[in-house]
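Below is one structure, written out as structure tokens; the observations come after it.
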Amino acid sequence: MANNFSQLAKKSRNNVSSSKVKKEALENPPLEIFKLGSDFLRTDAKRIGKVDLDIRNLAKDMLKSMYSAKGIGLAAPQVGISKELLVIDINFEDSAAEPLILINPEITAYGNTLNSYEEGCLSIPGVYLNVIRPSTIKLKFSDEMGRPRKMNAEGLLARCIQHEVDHLRGVLFVDRVTSTEDLKTELKKEGFQMKDVVPYSQS
Ligand code: NI
């Protein structure tokens with residue numbers, strides 16, 4: 001997910017130790033982020049069986065590429081890897097805050113309240129549009145050591161997780177935009193095409 005939430009991100013700091021990946025923009029990030037129109041973004045990701053060093057290294061490379069692109073979330077399919085792996089850091093401006101590494105994430109419950117919020121995506125740079133989603137979720141996942149974990153999320157974090165989990169099913173936020181006129185205008189402005197959008201109700 002692209003960052004346009006710096007105000008909110010500042011408010012959602014938590015107490016954590018320093019992360020292993022520096023939050024900096026690299027001249028040559030390790031992974032290429034594929035853009036709207038790429039088949040990689042429409043592929044169903046596969047569950048990760050064993051959480052090993054390769055997976056941890058992939059997560060690190062994903063974090064480096066995410067920070068380089070100034071994003072707050074990145075899913076493995078966006079870098080052409082069909083695995084259920086997400087990295088998220090809504091505290092990207094706080095060098096001490098640790099990012100989240102979510103392996104085989106599964107949203108187990110959605111809150112009843114919906115809200116509308118402007119989203120962006122590193123695979124659709126420059127495009128920002130409102131999307132309606134539940135404002136709270138419950139989630140289960142494995143951490144980078146393969147340990148099963150559960151968490152509740154709200155606000156920007158809940159939104160970011162839902163956006164990234166969508167990527168694992170080949171769904172993009174533009175598929176969920178209800179205002180077709182706004183969508184057309186925004187995509188055209190950034191050189192993207194409507195034919196690459198798959199409206200969610202039909203997918
Ligand atoms: Ni995205």
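Letters A, B, ... go to the chains of the structure tokens in the order shown; residues in each chain start at 1; ligands are counted from 1 in the same order.
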
If we count only C-alpha atoms and set the cut-off at 10 Å, which residues sit around Lys20 (chain A), ignoring sequence neighbours fewer than 6 positions away in its own chain? Please answer as a ChimeraX atom specification.
/A:60,63,96,98-99

Compute the set of protein, DNA and RNA residues whose minimum atom distance to ligand 1 is at most 7 Å, using only C-alpha atoms and all ligand atoms, and state it as a count of residues only.
12

According to DSSP computed on the backbone, where in region 89-202 of chain A is there strand (DSSP E or B)? Give the residues as a ChimeraX atom specification.
/A:100-110,114-119,129-134,136-142,148-154

For CA of Asp166 (chain A) and CA of Ser38 (chain A), the interatomic separation in Å (one decimal):
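For CA of Asp166 (chain A) relative to CA of Ser38 (chain A), the distance reads 15.7 Å.
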
Could you tell me, as a PyMOL selection string, which residues of region 38-74 of chain A DSSP assigns to helix (DSSP H, G or I) when given the backbone?
chain A and resi 39-42+53-68

I'd like the neighbourhood of Ser82 (chain A) as a ChimeraX atom specification, where a residue qualifies if any of its atoms comes within 10 Å (using only C-alpha atoms), though same-chain residues fewer than 5 positions away should be ignored.
/A:40-48,75-77,167-170

Please produce a file of the residues just selected, as a PDB file, in the first residue's frame, where the atoms kept are C-alpha atoms.
ATOM      1  CA  PHE A  40       1.770 -11.449 -11.273  1.00  0.00           C
ATOM      2  CA  LEU A  41      -0.760  -9.181  -9.540  1.00  0.00           C
ATOM      3  CA  ARG A  42      -3.663 -11.415 -10.574  1.00  0.00           C
ATOM      4  CA  THR A  43      -2.200 -14.722  -9.398  1.00  0.00           C
ATOM      5  CA  ASP A  44      -3.464 -16.572  -6.317  1.00  0.00           C
ATOM      6  CA  ALA A  45      -0.619 -16.856  -3.791  1.00  0.00           C
ATOM      7  CA  LYS A  46       0.248 -20.212  -2.209  1.00  0.00           C
ATOM      8  CA  ARG A  47       0.467 -20.961   1.501  1.00  0.00           C
ATOM      9  CA  ILE A  48       3.976 -21.131   2.909  1.00  0.00           C
ATOM     10  CA  ALA A  75       2.677  -8.328  -0.662  1.00  0.00           C
ATOM     11  CA  ALA A  76       4.909 -11.012  -2.227  1.00  0.00           C
ATOM     12  CA  PRO A  77       2.823 -11.210  -5.467  1.00  0.00           C
ATOM     13  CA  HIS A 167      -3.091  -8.931  -3.041  1.00  0.00           C
ATOM     14  CA  LEU A 168      -2.725 -12.605  -2.048  1.00  0.00           C
ATOM     15  CA  ARG A 169      -6.015 -13.347  -3.835  1.00  0.00           C
ATOM     16  CA  GLY A 170      -5.123 -11.295  -6.906  1.00  0.00           C
TER      17      GLY A 170
END

Mind checking which residues fall within 8 Å of region 176-187 of chain A, counting only C-alpha atoms, ignoring those fewer than 3 positions away in the same chain, and posting them as a list in words?
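Surrounding residues, per the criterion: Val127, Tyr128, Leu129, Asn130, Val131, Ile132, Leu172, Phe173, Glu190, Gly191, Phe192, Gln193, Met194, Pro199 and Tyr200 of chain A.
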
Take the residues that were just selected and, keeping C-alpha atoms, output them as an mmCIF file, in the first residue's frame.
data_model
loop_
_atom_site.group_PDB
_atom_site.id
_atom_site.type_symbol
_atom_site.label_atom_id
_atom_site.label_comp_id
_atom_site.auth_asym_id
_atom_site.auth_seq_id
_atom_site.Cartn_x
_atom_site.Cartn_y
_atom_site.Cartn_z
ATOM 1 C CA VAL A 127 -3.451 6.676 -8.009
ATOM 2 C CA TYR A 128 -5.325 7.461 -4.773
ATOM 3 C CA LEU A 129 -9.010 6.636 -4.393
ATOM 4 C CA ASN A 130 -11.558 6.005 -1.660
ATOM 5 C CA VAL A 131 -12.367 2.409 -0.771
ATOM 6 C CA ILE A 132 -15.024 1.219 1.678
ATOM 7 C CA LEU A 172 -6.334 -4.802 -6.166
ATOM 8 C CA PHE A 173 -7.838 -1.782 -4.418
ATOM 9 C CA GLU A 190 -1.154 8.121 -14.369
ATOM 10 C CA GLY A 191 -1.118 6.209 -17.668
ATOM 11 C CA PHE A 192 -2.959 3.090 -16.447
ATOM 12 C CA GLN A 193 -5.842 1.400 -18.223
ATOM 13 C CA MET A 194 -9.400 0.510 -17.171
ATOM 14 C CA PRO A 199 -14.461 -5.095 -10.604
ATOM 15 C CA TYR A 200 -14.627 -6.983 -7.310
#

Could you check which of A:Ser68, A:Ser135, A:Asn3, A:Asn104 is closest to Ser116 (chain A), using only C-alpha atoms?
A:Ser135

Report, in Å to a single decimal, how far apart CA of Glu118 (chain A) and CA of Ala25 (chain A) are.
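Computing it gives 23.9 Å between the two atoms.
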
Any idea what the distance is between CA of Pro29 (chain A) and CA of Lys189 (chain A)?
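These atoms are spaced 26.2 Å apart.
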
Counting only C-alpha atoms, the option among A:Asp143, A:Glu32, A:Glu119, A:Asp94 closest to Gly73 (chain A):
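Result for the nearest residue to Gly73 (chain A): A:Glu119.
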
Could you tell me which of A:Lys35, A:Lys23, A:Arg159, A:Lys50 comes closest to Lys83 (chain A) if we count only C-alpha atoms?
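Among the listed residues, the smallest separation from Lys83 (chain A) belongs to A:Lys50.
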
Identify, on the basis of only C-alpha atoms, every residue whose closest approach to Glu144 (chain A) does not exceed 10 Å; exclude the query and any residue fewer than 4 positions from it along the same chain; express the result as a PyMOL selection string.
chain A and resi 51-53+55-57+59+85+100-103+148

Given the selection you just returned, output its residues as a file containing N, CA and C atoms, formatted as a PDB file, in the first residue's frame.
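Result file out.pdb:
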ATOM      1  N   VAL A  51       8.525 -22.037   7.361  1.00  0.00           N
ATOM      2  CA  VAL A  51       9.072 -20.692   7.487  1.00  0.00           C
ATOM      3  C   VAL A  51      10.562 -20.819   7.787  1.00  0.00           C
ATOM      4  N   ASP A  52      11.378 -20.663   6.746  1.00  0.00           N
ATOM      5  CA  ASP A  52      12.822 -20.863   6.888  1.00  0.00           C
ATOM      6  C   ASP A  52      13.592 -19.580   6.577  1.00  0.00           C
ATOM      7  N   LEU A  53      14.903 -19.721   6.498  1.00  0.00           N
ATOM      8  CA  LEU A  53      15.760 -18.559   6.262  1.00  0.00           C
ATOM      9  C   LEU A  53      15.441 -17.885   4.925  1.00  0.00           C
ATOM     10  N   ILE A  55      12.582 -17.581   3.506  1.00  0.00           N
ATOM     11  CA  ILE A  55      11.391 -16.739   3.697  1.00  0.00           C
ATOM     12  C   ILE A  55      11.762 -15.464   4.461  1.00  0.00           C
ATOM     13  N   ARG A  56      12.590 -15.623   5.505  1.00  0.00           N
ATOM     14  CA  ARG A  56      13.004 -14.433   6.282  1.00  0.00           C
ATOM     15  C   ARG A  56      13.816 -13.471   5.416  1.00  0.00           C
ATOM     16  N   ASN A  57      14.670 -14.027   4.555  1.00  0.00           N
ATOM     17  CA  ASN A  57      15.449 -13.161   3.664  1.00  0.00           C
ATOM     18  C   ASN A  57      14.560 -12.466   2.633  1.00  0.00           C
ATOM     19  N   ALA A  59      11.452 -11.667   3.128  1.00  0.00           N
ATOM     20  CA  ALA A  59      10.747 -10.611   3.867  1.00  0.00           C
ATOM     21  C   ALA A  59      11.637  -9.381   4.018  1.00  0.00           C
ATOM     22  N   LEU A  85       2.892 -14.018   1.818  1.00  0.00           N
ATOM     23  CA  LEU A  85       3.805 -13.257   2.676  1.00  0.00           C
ATOM     24  C   LEU A  85       3.548 -11.764   2.487  1.00  0.00           C
ATOM     25  N   LEU A 100       5.817  -5.282  10.642  1.00  0.00           N
ATOM     26  CA  LEU A 100       5.088  -6.547  10.789  1.00  0.00           C
ATOM     27  C   LEU A 100       5.423  -7.442   9.609  1.00  0.00           C
ATOM     28  N   ILE A 101       5.731  -8.699   9.896  1.00  0.00           N
ATOM     29  CA  ILE A 101       5.905  -9.696   8.840  1.00  0.00           C
ATOM     30  C   ILE A 101       4.793 -10.718   9.031  1.00  0.00           C
ATOM     31  N   LEU A 102       3.890 -10.812   8.072  1.00  0.00           N
ATOM     32  CA  LEU A 102       2.721 -11.680   8.199  1.00  0.00           C
ATOM     33  C   LEU A 102       2.826 -12.817   7.192  1.00  0.00           C
ATOM     34  N   ILE A 103       2.873 -14.039   7.702  1.00  0.00           N
ATOM     35  CA  ILE A 103       2.976 -15.230   6.857  1.00  0.00           C
ATOM     36  C   ILE A 103       1.658 -15.997   6.943  1.00  0.00           C
ATOM     37  N   PRO A 148       2.526 -19.485  15.391  1.00  0.00           N
ATOM     38  CA  PRO A 148       1.171 -19.001  15.133  1.00  0.00           C
ATOM     39  C   PRO A 148       0.830 -17.812  16.022  1.00  0.00           C
TER      40      PRO A 148
END

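Look at Leu31 (chain A): the protein and nucleic acid residues within 10 Å of it, using only C-alpha atoms and passing over chain neighbours fewer than 2 places away, are Asn28, Pro29, Ile33, Phe34, Leu58, Asp61, Met62, Leu63, Lys64, Ser65, Met66, Gln78, Val79 and Gly80 of chain A.
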